[in-house]
$ cat upload_8.tsv   # TSV, C-alpha atoms and all ligand atoms
chain	number	residue	atom	x	y	z
A	1	MET	CA	-32.60	-165.45	-201.17
A	2	GLN	CA	-32.68	-162.33	-199.04
A	3	THR	CA	-36.10	-160.86	-198.51
A	4	ASP	CA	-36.81	-157.15	-198.49
A	5	LEU	CA	-37.40	-157.28	-194.73
A	6	HIS	CA	-34.09	-159.02	-194.11
A	7	ILE	CA	-32.23	-156.32	-196.00
A	8	LYS	CA	-33.89	-153.72	-193.77
A	9	LEU	CA	-33.13	-155.67	-190.60
A	10	GLU	CA	-29.52	-156.02	-191.69
A	11	HIS	CA	-29.32	-152.26	-192.25
A	12	ILE	CA	-30.76	-151.65	-188.75
A	13	ALA	CA	-28.33	-154.07	-187.07
A	14	ASP	CA	-25.35	-152.58	-188.93
A	15	GLY	CA	-26.38	-149.03	-188.02
A	16	LEU	CA	-26.85	-149.92	-184.36
A	17	ALA	CA	-23.48	-151.67	-184.24
A	18	GLU	CA	-21.55	-148.95	-186.06
A	19	ARG	CA	-23.26	-145.73	-184.96
A	20	GLY	CA	-25.89	-146.52	-182.34
A	21	TYR	CA	-28.79	-145.63	-184.64
A	22	ALA	CA	-30.44	-146.55	-187.93
A	23	ILE	CA	-33.09	-145.08	-190.22
A	24	VAL	CA	-35.04	-147.20	-192.68
A	25	ASP	CA	-37.75	-146.06	-195.07
A	26	SER	CA	-40.80	-148.16	-196.01
A	27	PHE	CA	-40.58	-150.31	-192.88
A	28	LEU	CA	-44.36	-150.08	-193.21
A	29	SER	CA	-45.85	-149.75	-196.70
A	30	ASP	CA	-48.16	-146.84	-197.58
A	31	LEU	CA	-51.09	-149.24	-197.42
A	32	GLU	CA	-50.07	-150.55	-194.00
A	33	VAL	CA	-49.80	-146.97	-192.75
A	34	ASP	CA	-53.28	-146.19	-194.15
A	35	LEU	CA	-54.81	-149.15	-192.35
A	36	ILE	CA	-53.27	-148.04	-189.05
A	37	LEU	CA	-54.49	-144.47	-189.54
A	38	GLN	CA	-57.98	-145.80	-190.20
A	39	THR	CA	-58.22	-147.72	-186.90
A	40	ASP	CA	-60.76	-146.31	-184.46
A	41	GLU	CA	-57.89	-145.79	-182.04
A	42	PHE	CA	-56.14	-143.31	-184.31
A	43	LYS	CA	-59.27	-141.74	-185.80
A	44	ASN	CA	-60.53	-140.88	-182.32
A	45	GLY	CA	-57.05	-140.42	-180.93
A	46	LYS	CA	-57.37	-136.77	-180.16
A	47	LEU	CA	-60.39	-137.47	-177.98
A	48	HIS	CA	-59.09	-140.49	-176.14
A	49	PHE	CA	-55.32	-140.38	-175.95
A	50	LYS	CA	-53.84	-139.24	-172.65
A	51	LYS	CA	-51.34	-136.48	-172.16
A	52	ALA	CA	-47.94	-138.10	-171.82
A	53	GLY	CA	-45.96	-137.70	-168.59
A	54	ILE	CA	-42.29	-137.74	-167.73
A	55	GLY	CA	-41.08	-140.49	-165.42
A	56	LYS	CA	-42.93	-140.15	-162.14
A	57	GLN	CA	-43.23	-136.39	-162.51
A	58	GLN	CA	-46.88	-135.46	-161.94
A	59	ASP	CA	-46.72	-131.67	-162.21
A	60	LYS	CA	-48.76	-130.94	-165.34
A	61	GLN	CA	-47.20	-127.54	-165.96
A	62	ILE	CA	-43.66	-128.90	-165.82
A	63	ASN	CA	-44.76	-131.72	-168.12
A	64	ALA	CA	-46.25	-129.33	-170.67
A	65	SER	CA	-43.04	-127.32	-170.84
A	66	ILE	CA	-41.07	-130.48	-171.67
A	67	ARG	CA	-43.41	-132.55	-173.85
A	68	GLY	CA	-46.79	-131.98	-175.48
A	69	ASP	CA	-47.69	-135.32	-177.01
A	70	TYR	CA	-50.77	-137.50	-176.41
A	71	ILE	CA	-50.36	-141.25	-176.17
A	72	GLN	CA	-52.17	-144.56	-175.84
A	73	TRP	CA	-50.34	-147.77	-175.00
A	74	LEU	CA	-51.06	-150.81	-177.18
A	75	ASP	CA	-51.77	-154.33	-175.98
A	76	PRO	CA	-50.54	-156.61	-178.81
A	77	SER	CA	-52.94	-159.39	-177.78
A	78	ILE	CA	-56.02	-157.27	-178.57
A	79	ALA	CA	-54.63	-154.80	-181.13
A	80	PRO	CA	-56.21	-154.56	-184.61
A	81	ALA	CA	-54.59	-156.81	-187.26
A	82	CYS	CA	-52.75	-153.95	-188.97
A	83	ILE	CA	-51.02	-153.07	-185.70
A	84	GLY	CA	-50.39	-156.79	-185.10
A	85	ILE	CA	-48.38	-156.80	-188.35
A	86	TYR	CA	-46.19	-154.05	-186.92
A	87	PHE	CA	-45.65	-156.01	-183.68
A	88	ASP	CA	-44.74	-159.12	-185.75
A	89	ARG	CA	-42.16	-157.12	-187.63
A	90	LEU	CA	-40.70	-155.80	-184.38
A	91	ARG	CA	-40.47	-159.40	-183.12
A	92	GLN	CA	-38.46	-160.27	-186.22
A	93	LEU	CA	-36.27	-157.24	-185.59
A	94	ILE	CA	-35.66	-158.41	-181.99
A	95	GLN	CA	-34.73	-161.90	-183.19
A	96	TYR	CA	-32.41	-160.58	-185.89
A	97	VAL	CA	-30.64	-158.09	-183.63
A	98	ASN	CA	-30.25	-160.69	-180.86
A	99	GLN	CA	-28.64	-163.16	-183.27
A	100	ASN	CA	-26.37	-160.69	-184.97
A	101	LEU	CA	-25.37	-158.36	-182.14
A	102	TYR	CA	-25.43	-161.01	-179.39
A	103	LEU	CA	-28.06	-159.20	-177.33
A	104	SER	CA	-30.90	-160.68	-175.29
A	105	LEU	CA	-33.73	-158.31	-176.03
A	106	LYS	CA	-37.13	-159.70	-175.12
A	107	ASN	CA	-40.11	-157.56	-175.84
A	108	ALA	CA	-41.51	-154.47	-177.57
A	109	GLU	CA	-43.61	-151.92	-175.65
A	110	VAL	CA	-45.41	-149.54	-178.02
A	111	HIS	CA	-47.78	-146.61	-177.77
A	112	MET	CA	-49.67	-144.64	-180.39
A	113	THR	CA	-48.62	-141.01	-180.34
A	114	ILE	CA	-50.02	-137.71	-181.53
A	115	TYR	CA	-48.12	-134.44	-181.31
A	116	PRO	CA	-50.75	-131.75	-181.93
A	117	VAL	CA	-49.70	-128.74	-184.04
A	118	GLY	CA	-47.06	-126.72	-182.19
A	119	SER	CA	-46.16	-129.34	-179.60
A	120	PHE	CA	-42.67	-130.65	-178.99
A	121	TYR	CA	-40.52	-132.81	-176.73
A	122	LYS	CA	-37.41	-131.13	-175.35
A	123	ARG	CA	-33.98	-132.76	-175.50
A	124	HIS	CA	-33.87	-135.96	-173.41
A	125	LEU	CA	-32.62	-139.52	-173.09
A	126	ASP	CA	-35.16	-142.39	-173.14
A	127	GLN	CA	-33.59	-144.44	-170.41
A	128	PHE	CA	-34.72	-143.43	-166.93
A	129	LYS	CA	-32.15	-143.44	-164.16
A	130	SER	CA	-34.49	-145.62	-162.09
A	131	ASP	CA	-35.18	-148.11	-164.92
A	132	ASN	CA	-32.59	-149.30	-167.43
A	133	HIS	CA	-34.75	-151.91	-169.20
A	134	ARG	CA	-35.26	-149.75	-172.29
A	135	LYS	CA	-32.48	-150.76	-174.68
A	136	LEU	CA	-33.63	-149.56	-178.10
A	137	SER	CA	-36.01	-146.73	-178.96
A	138	ILE	CA	-38.07	-147.45	-182.06
A	139	ILE	CA	-40.34	-144.95	-183.74
A	140	CYS	CA	-42.37	-145.54	-186.90
A	141	TYR	CA	-43.93	-142.45	-188.46
A	142	LEU	CA	-47.39	-142.30	-190.02
A	143	ASN	CA	-47.50	-138.95	-191.85
A	144	HIS	CA	-48.19	-138.99	-195.58
A	145	ALA	CA	-46.94	-136.05	-197.69
A	146	TRP	CA	-44.86	-134.58	-194.87
A	147	ARG	CA	-42.67	-131.74	-196.09
A	148	GLU	CA	-39.67	-130.04	-194.50
A	149	GLU	CA	-41.63	-126.84	-194.00
A	150	HIS	CA	-43.98	-128.78	-191.70
A	151	GLY	CA	-41.11	-129.05	-189.19
A	152	GLY	CA	-41.58	-131.76	-186.57
A	153	GLN	CA	-38.12	-133.23	-187.05
A	154	LEU	CA	-36.67	-135.73	-184.66
A	155	ARG	CA	-33.29	-134.16	-183.86
A	156	MET	CA	-30.71	-136.66	-182.68
A	157	HIS	CA	-27.72	-135.18	-180.89
A	158	LEU	CA	-24.80	-137.24	-182.16
A	159	PRO	CA	-21.10	-136.83	-181.31
A	160	GLU	CA	-20.52	-135.36	-184.81
A	161	GLY	CA	-23.43	-132.91	-184.47
A	162	PRO	CA	-27.23	-132.84	-184.75
A	163	LEU	CA	-29.03	-135.05	-187.29
A	164	ASP	CA	-32.61	-134.20	-188.28
A	165	VAL	CA	-35.07	-136.88	-189.34
A	166	TYR	CA	-38.45	-135.97	-190.81
A	167	PRO	CA	-41.45	-138.07	-189.71
A	168	LEU	CA	-42.33	-139.54	-193.13
A	169	ALA	CA	-44.97	-142.26	-193.42
A	170	GLY	CA	-43.47	-145.73	-193.08
A	171	ARG	CA	-40.05	-144.53	-191.91
A	172	LEU	CA	-38.56	-146.30	-188.89
A	173	VAL	CA	-35.93	-144.79	-186.64
A	174	CYS	CA	-34.12	-146.96	-184.15
A	175	PHE	CA	-31.47	-145.87	-181.65
A	176	ARG	CA	-29.79	-146.90	-178.42
A	177	SER	CA	-31.97	-145.60	-175.59
A	178	ASP	CA	-29.07	-145.19	-173.18
A	179	GLN	CA	-26.84	-143.22	-175.54
A	180	ILE	CA	-28.58	-140.89	-177.93
A	181	GLU	CA	-30.08	-137.65	-176.66
A	182	HIS	CA	-32.82	-136.37	-178.93
A	183	GLU	CA	-35.75	-133.97	-179.19
A	184	VAL	CA	-38.89	-133.41	-181.25
A	185	LEU	CA	-39.26	-129.96	-182.81
A	186	PRO	CA	-42.67	-128.29	-183.13
A	187	ALA	CA	-44.67	-129.05	-186.26
A	188	ALA	CA	-47.18	-127.21	-188.41
A	189	ARG	CA	-49.31	-130.36	-188.73
A	190	ASP	CA	-50.44	-133.01	-186.29
A	191	ARG	CA	-47.62	-135.55	-186.14
A	192	LEU	CA	-48.54	-139.22	-185.71
A	193	SER	CA	-46.34	-142.19	-184.88
A	194	LEU	CA	-46.00	-145.54	-183.19
A	195	THR	CA	-43.41	-145.02	-180.47
A	196	GLY	CA	-41.81	-147.91	-178.69
A	197	TRP	CA	-38.98	-149.46	-176.84
A	198	ILE	CA	-37.33	-152.82	-177.06
A	199	VAL	CA	-36.78	-153.97	-173.50
A	200	ASP	CA	-34.75	-156.78	-171.97
A	201	ARG	CA	-37.58	-158.16	-169.84
A	202	MET	CA	-40.89	-159.85	-170.66
A	203	HIS	CA	-43.27	-157.49	-168.77
B	301	LIG	C1	-40.17	-140.09	-177.28
B	301	LIG	C2	-39.50	-139.45	-178.43
B	301	LIG	C3	-39.33	-139.05	-180.81
B	301	LIG	C4	-40.18	-138.90	-182.03
B	301	LIG	O1	-41.37	-140.37	-177.36
B	301	LIG	O2	-39.47	-140.35	-176.27
B	301	LIG	O3	-38.42	-138.97	-178.24
B	301	LIG	O4	-39.61	-138.65	-183.11
B	301	LIG	N1	-40.07	-139.46	-179.66
B	301	LIG	O5	-41.41	-139.00	-181.93
B	302	MN	MN	-37.47	-139.93	-176.60
$ encode --input "upload_8.tsv" --output "C-alpha cells"
Amino acid sequence: MQTDLHIKLEHIADGLAERGYAIVDSFLSDLEVDLILQTDEFKNGKLHFKKAGIGKQQDKQINASIRGDYIQWLDPSIAPACIGIYFDRLRQLIQYVNQNLYLSLKNAEVHMTIYPVGSFYKRHLDQFKSDNHRKLSIICYLNHAWREEHGGQLRMHLPEGPLDVYPLAGRLVCFRSDQIEHEVLPAARDRLSLTGWIVDRMH
C-alpha cells in the first residue's frame, strides 16, 4: 500500500523530472510546524540569527540591497526532535529521488530562516559559479494563516512565465538549483521557513 509520504515523494519526483520543480502541501503537518515554531531556536530567532550573506560578498550594504533574511544553520546531529523529523523526511526524499531519477544526491544542508517584515531576496539562482554541489533547493514554510495580502511570495521565473508560491505552513517547494531563477517578494508579516539544499557530497 502506498503511504501518504510516498504519494508526496512521487509527486516531487514527477515534478522535478517533468518541469524542474514541485510544490507539495502538508509535507509537515500543522502540529509538526507548531513544534518547530516552539523551539528555542525559532522563538529567539530574531535575537540570534545572523544576517545572511551572498557567496563570498562581504559588503553589508550590497548584501542588504539583495537579501534581507536572517538565518541559522542546523546541525542534524544535535537538532531538536521535531527538526530531526524534517531531516528524516528529507533523507527519504533523497533516497526516493535517487532511485527514481537515477541521481546520486547525498545530503541535506538546512538553515532556519526569518524574513522580517518588508525584507526580500532579489532574483537569483541558488547555484554559485564557484560551487556546483547544490542540486535541489528545498524550502518548507512555517507560516500559519498566511494570506495573499501578506505578500512574501516565492516567485519562480519559469520559461512559460512567473509562478508565485505563497509561504503557507507545511508547504514544501523543491526546484533544480542550477535552472530556476527565483526571488522572494517583501511581506507584511515576518516570514519563517526551513531553507535547504540537497547536495551531491557528504560535507
Ligand atoms: C533562498 C531563497 C526562497 C524562499 O534562500 O535562496 O531563494 O521562498 N529562498 O524563501
Ligand atoms: Mn534562492
$ atom_distance --input "upload_8.tsv" --atom1 "CA of Pro186 in chain A" --atom2 "CA of Leu74 in chain A"
24.8 Å
$ residues_near_ligand --input "upload_8.tsv" --ligand "ligand MN 302 (chain B)" --cutoff "8 Å" --atoms "only C-alpha atoms and all ligand atoms" --output "list in words"
Tyr121, His124, Leu125, Asp126, Ser137, Ser177, Glu181, His182 and Glu183 of chain A
$ residues_near_ligand --input "upload_8.tsv" --ligand "ligand LIG 301 (chain B)" --cutoff "9 Å" --atoms "only C-alpha atoms and all ligand atoms" --output "VMD selection string"
chain A and resid 52 67 69 111 113 to 115 120 to 126 137 to 141 152 to 155 165 to 167 173 181 to 185 191 to 196
$ closest_residue --input "upload_8.tsv" --among "A:Lys135, A:Pro76, A:Leu172, A:Ala187" --to "Asp88 in chain A" --atoms "only C-alpha atoms"
A:Pro76
$ closest_residue --input "upload_8.tsv" --among "A:Gly20, A:Ser130, A:Asp34, A:Val97" --to "Met156 in chain A" --atoms "only C-alpha atoms"
A:Gly20
$ residues_around --input "upload_8.tsv" --residues "Glu32 in chain A" --least-positions-apart "5" --cutoff "9 Å" --atoms "all atoms listed in the file" --output "list in words"
Leu37, Cys82, Ile83, Ile85, Tyr86 and Gly170 of chain A
$ residues_around --input "upload_8.tsv" --residues "Arg201 in chain A" --least-positions-apart "6" --cutoff "12 Å" --atoms "only C-alpha atoms" --output "list in words"
Ser104, Leu105, Lys106, Asn107, Ala108, Glu109, Asp131, Asn132, His133, Arg134 and Lys135 of chain A
$ closest_residue --input "upload_8.tsv" --among "A:Met112, A:Leu31, A:Ile180, A:Ile54" --to "Asp75 in chain A" --atoms "only C-alpha atoms"
A:Met112
$ closest_residue --input "upload_8.tsv" --among "A:Ala188, A:Lys50, A:Leu103, A:Thr3" --to "Leu16 in chain A" --atoms "all atoms listed in the file"
A:Leu103
$ atom_distance --input "upload_8.tsv" --atom1 "CA of Asp4 in chain A" --atom2 "CA of Leu90 in chain A"
14.7 Å
$ atom_distance --input "upload_8.tsv" --atom1 "CA of Glu10 in chain A" --atom2 "CA of Asn100 in chain A"
8.8 Å
$ residues_around --input "upload_8.tsv" --residues "Leu9 in chain A" --least-positions-apart "2" --cutoff "10 Å" --atoms "all atoms listed in the file" --output "PDB file with C-alpha atoms, in the frame of the given file"
ATOM      1  CA  THR A   3     -36.100-160.860-198.510  1.00  0.00           C
ATOM      2  CA  ASP A   4     -36.810-157.150-198.490  1.00  0.00           C
ATOM      3  CA  LEU A   5     -37.400-157.280-194.730  1.00  0.00           C
ATOM      4  CA  HIS A   6     -34.090-159.020-194.110  1.00  0.00           C
ATOM      5  CA  ILE A   7     -32.230-156.320-196.000  1.00  0.00           C
ATOM      6  CA  HIS A  11     -29.320-152.260-192.250  1.00  0.00           C
ATOM      7  CA  ILE A  12     -30.760-151.650-188.750  1.00  0.00           C
ATOM      8  CA  ALA A  13     -28.330-154.070-187.070  1.00  0.00           C
ATOM      9  CA  ASP A  14     -25.350-152.580-188.930  1.00  0.00           C
ATOM     10  CA  GLY A  15     -26.380-149.030-188.020  1.00  0.00           C
ATOM     11  CA  ALA A  22     -30.440-146.550-187.930  1.00  0.00           C
ATOM     12  CA  VAL A  24     -35.040-147.200-192.680  1.00  0.00           C
ATOM     13  CA  PHE A  27     -40.580-150.310-192.880  1.00  0.00           C
ATOM     14  CA  ARG A  89     -42.160-157.120-187.630  1.00  0.00           C
ATOM     15  CA  LEU A  90     -40.700-155.800-184.380  1.00  0.00           C
ATOM     16  CA  GLN A  92     -38.460-160.270-186.220  1.00  0.00           C
ATOM     17  CA  LEU A  93     -36.270-157.240-185.590  1.00  0.00           C
ATOM     18  CA  ILE A  94     -35.660-158.410-181.990  1.00  0.00           C
ATOM     19  CA  GLN A  95     -34.730-161.900-183.190  1.00  0.00           C
ATOM     20  CA  TYR A  96     -32.410-160.580-185.890  1.00  0.00           C
ATOM     21  CA  VAL A  97     -30.640-158.090-183.630  1.00  0.00           C
TER      22      VAL A  97
END
$ closest_residue --input "upload_8.tsv" --among "A:Ala81, A:Leu158, A:Leu101, A:Cys174" --to "Trp197 in chain A" --atoms "all atoms listed in the file"
A:Cys174
$ closest_residue --input "upload_8.tsv" --among "A:Ala17, A:Ile78, A:Leu142, A:Leu136" --to "Val33 in chain A" --atoms "all atoms listed in the file"
A:Leu142
$ residues_around --input "upload_8.tsv" --residues "Asn44 in chain A" --least-positions-apart "3" --cutoff "12 Å" --atoms "all atoms listed in the file" --output "ChimeraX atom specification"
/A:37-41,47-50,70-72,112,114
$ write_last_selection --input "upload_8.tsv" --atoms "C-alpha atoms" --output "PDB file, in the coordinates of the input"
ATOM      1  CA  LEU A  37     -54.490-144.470-189.540  1.00  0.00           C
ATOM      2  CA  GLN A  38     -57.980-145.800-190.200  1.00  0.00           C
ATOM      3  CA  THR A  39     -58.220-147.720-186.900  1.00  0.00           C
ATOM      4  CA  ASP A  40     -60.760-146.310-184.460  1.00  0.00           C
ATOM      5  CA  GLU A  41     -57.890-145.790-182.040  1.00  0.00           C
ATOM      6  CA  LEU A  47     -60.390-137.470-177.980  1.00  0.00           C
ATOM      7  CA  HIS A  48     -59.090-140.490-176.140  1.00  0.00           C
ATOM      8  CA  PHE A  49     -55.320-140.380-175.950  1.00  0.00           C
ATOM      9  CA  LYS A  50     -53.840-139.240-172.650  1.00  0.00           C
ATOM     10  CA  TYR A  70     -50.770-137.500-176.410  1.00  0.00           C
ATOM     11  CA  ILE A  71     -50.360-141.250-176.170  1.00  0.00           C
ATOM     12  CA  GLN A  72     -52.170-144.560-175.840  1.00  0.00           C
ATOM     13  CA  MET A 112     -49.670-144.640-180.390  1.00  0.00           C
ATOM     14  CA  ILE A 114     -50.020-137.710-181.530  1.00  0.00           C
TER      15      ILE A 114
END
$ build_atoms --input "upload_8.tsv" --residues "range 31-53 of chain A" --atoms "N, CA, C and O atoms" --output "mmCIF file, keeping the file's coordinate frame"
data_model
loop_
_atom_site.group_PDB
_atom_site.id
_atom_site.type_symbol
_atom_site.label_atom_id
_atom_site.label_comp_id
_atom_site.auth_asym_id
_atom_site.auth_seq_id
_atom_site.Cartn_x
_atom_site.Cartn_y
_atom_site.Cartn_z
ATOM 1 N N LEU A 31 -49.813 -148.607 -197.734
ATOM 2 C CA LEU A 31 -51.090 -149.240 -197.420
ATOM 3 C C LEU A 31 -51.164 -149.628 -195.949
ATOM 4 O O LEU A 31 -52.189 -149.421 -195.278
ATOM 5 N N GLU A 32 -50.077 -150.173 -195.431
ATOM 6 C CA GLU A 32 -50.070 -150.550 -194.000
ATOM 7 C C GLU A 32 -50.238 -149.320 -193.114
ATOM 8 O O GLU A 32 -50.950 -149.363 -192.106
ATOM 9 N N VAL A 33 -49.629 -148.219 -193.512
ATOM 10 C CA VAL A 33 -49.800 -146.970 -192.750
ATOM 11 C C VAL A 33 -51.262 -146.523 -192.810
ATOM 12 O O VAL A 33 -51.859 -146.165 -191.790
ATOM 13 N N ASP A 34 -51.865 -146.587 -194.006
ATOM 14 C CA ASP A 34 -53.280 -146.190 -194.150
ATOM 15 C C ASP A 34 -54.176 -146.988 -193.223
ATOM 16 O O ASP A 34 -55.058 -146.445 -192.566
ATOM 17 N N LEU A 35 -53.952 -148.299 -193.183
ATOM 18 C CA LEU A 35 -54.810 -149.150 -192.350
ATOM 19 C C LEU A 35 -54.684 -148.767 -190.877
ATOM 20 O O LEU A 35 -55.670 -148.750 -190.141
ATOM 21 N N ILE A 36 -53.473 -148.441 -190.453
ATOM 22 C CA ILE A 36 -53.270 -148.040 -189.050
ATOM 23 C C ILE A 36 -53.962 -146.710 -188.772
ATOM 24 O O ILE A 36 -54.626 -146.532 -187.751
ATOM 25 N N LEU A 37 -53.839 -145.780 -189.738
ATOM 26 C CA LEU A 37 -54.490 -144.470 -189.540
ATOM 27 C C LEU A 37 -56.002 -144.593 -189.498
ATOM 28 O O LEU A 37 -56.684 -143.775 -188.884
ATOM 29 N N GLN A 38 -56.525 -145.640 -190.160
ATOM 30 C CA GLN A 38 -57.980 -145.800 -190.200
ATOM 31 C C GLN A 38 -58.542 -146.563 -188.990
ATOM 32 O O GLN A 38 -59.742 -146.735 -188.875
ATOM 33 N N THR A 39 -57.690 -147.039 -188.100
ATOM 34 C CA THR A 39 -58.220 -147.720 -186.900
ATOM 35 C C THR A 39 -58.987 -146.712 -186.060
ATOM 36 O O THR A 39 -58.687 -145.516 -186.069
ATOM 37 N N ASP A 40 -59.984 -147.204 -185.343
ATOM 38 C CA ASP A 40 -60.760 -146.310 -184.460
ATOM 39 C C ASP A 40 -59.841 -145.611 -183.486
ATOM 40 O O ASP A 40 -60.022 -144.441 -183.171
ATOM 41 N N GLU A 41 -58.815 -146.359 -183.029
ATOM 42 C CA GLU A 41 -57.890 -145.790 -182.040
ATOM 43 C C GLU A 41 -57.291 -144.490 -182.561
ATOM 44 O O GLU A 41 -57.279 -143.477 -181.868
ATOM 45 N N PHE A 42 -56.784 -144.517 -183.797
ATOM 46 C CA PHE A 42 -56.140 -143.310 -184.310
ATOM 47 C C PHE A 42 -57.162 -142.274 -184.750
ATOM 48 O O PHE A 42 -56.963 -141.078 -184.557
ATOM 49 N N LYS A 43 -58.289 -142.728 -185.339
ATOM 50 C CA LYS A 43 -59.270 -141.740 -185.800
ATOM 51 C C LYS A 43 -59.826 -140.919 -184.643
ATOM 52 O O LYS A 43 -60.079 -139.737 -184.770
ATOM 53 N N ASN A 44 -59.989 -141.588 -183.487
ATOM 54 C CA ASN A 44 -60.530 -140.880 -182.320
ATOM 55 C C ASN A 44 -59.431 -140.458 -181.363
ATOM 56 O O ASN A 44 -59.701 -140.044 -180.251
ATOM 57 N N GLY A 45 -58.191 -140.601 -181.826
ATOM 58 C CA GLY A 45 -57.050 -140.420 -180.930
ATOM 59 C C GLY A 45 -57.077 -139.125 -180.148
ATOM 60 O O GLY A 45 -56.808 -139.106 -178.952
ATOM 61 N N LYS A 46 -57.448 -138.065 -180.840
ATOM 62 C CA LYS A 46 -57.370 -136.770 -180.160
ATOM 63 C C LYS A 46 -58.329 -136.696 -178.994
ATOM 64 O O LYS A 46 -58.118 -135.960 -178.052
ATOM 65 N N LEU A 47 -59.426 -137.486 -179.076
ATOM 66 C CA LEU A 47 -60.390 -137.470 -177.980
ATOM 67 C C LEU A 47 -59.940 -138.336 -176.830
ATOM 68 O O LEU A 47 -60.186 -138.027 -175.675
ATOM 69 N N HIS A 48 -59.294 -139.474 -177.169
ATOM 70 C CA HIS A 48 -59.090 -140.490 -176.140
ATOM 71 C C HIS A 48 -57.668 -140.643 -175.640
ATOM 72 O O HIS A 48 -57.462 -141.207 -174.568
ATOM 73 N N PHE A 49 -56.697 -140.207 -176.411
ATOM 74 C CA PHE A 49 -55.320 -140.380 -175.950
ATOM 75 C C PHE A 49 -55.104 -139.527 -174.696
ATOM 76 O O PHE A 49 -55.762 -138.512 -174.500
ATOM 77 N N LYS A 50 -54.145 -139.962 -173.890
ATOM 78 C CA LYS A 50 -53.840 -139.240 -172.650
ATOM 79 C C LYS A 50 -52.571 -138.401 -172.826
ATOM 80 O O LYS A 50 -51.666 -138.796 -173.558
ATOM 81 N N LYS A 51 -52.541 -137.304 -172.134
ATOM 82 C CA LYS A 51 -51.340 -136.480 -172.160
ATOM 83 C C LYS A 51 -50.185 -137.275 -171.560
ATOM 84 O O LYS A 51 -50.325 -137.874 -170.511
ATOM 85 N N ALA A 52 -49.070 -137.299 -172.284
ATOM 86 C CA ALA A 52 -47.940 -138.100 -171.820
ATOM 87 C C ALA A 52 -47.238 -137.423 -170.651
ATOM 88 O O ALA A 52 -47.214 -136.201 -170.563
ATOM 89 N N GLY A 53 -46.689 -138.230 -169.755
ATOM 90 C CA GLY A 53 -45.960 -137.700 -168.590
ATOM 91 C C GLY A 53 -44.473 -137.929 -168.734
ATOM 92 O O GLY A 53 -43.998 -138.446 -169.736
#
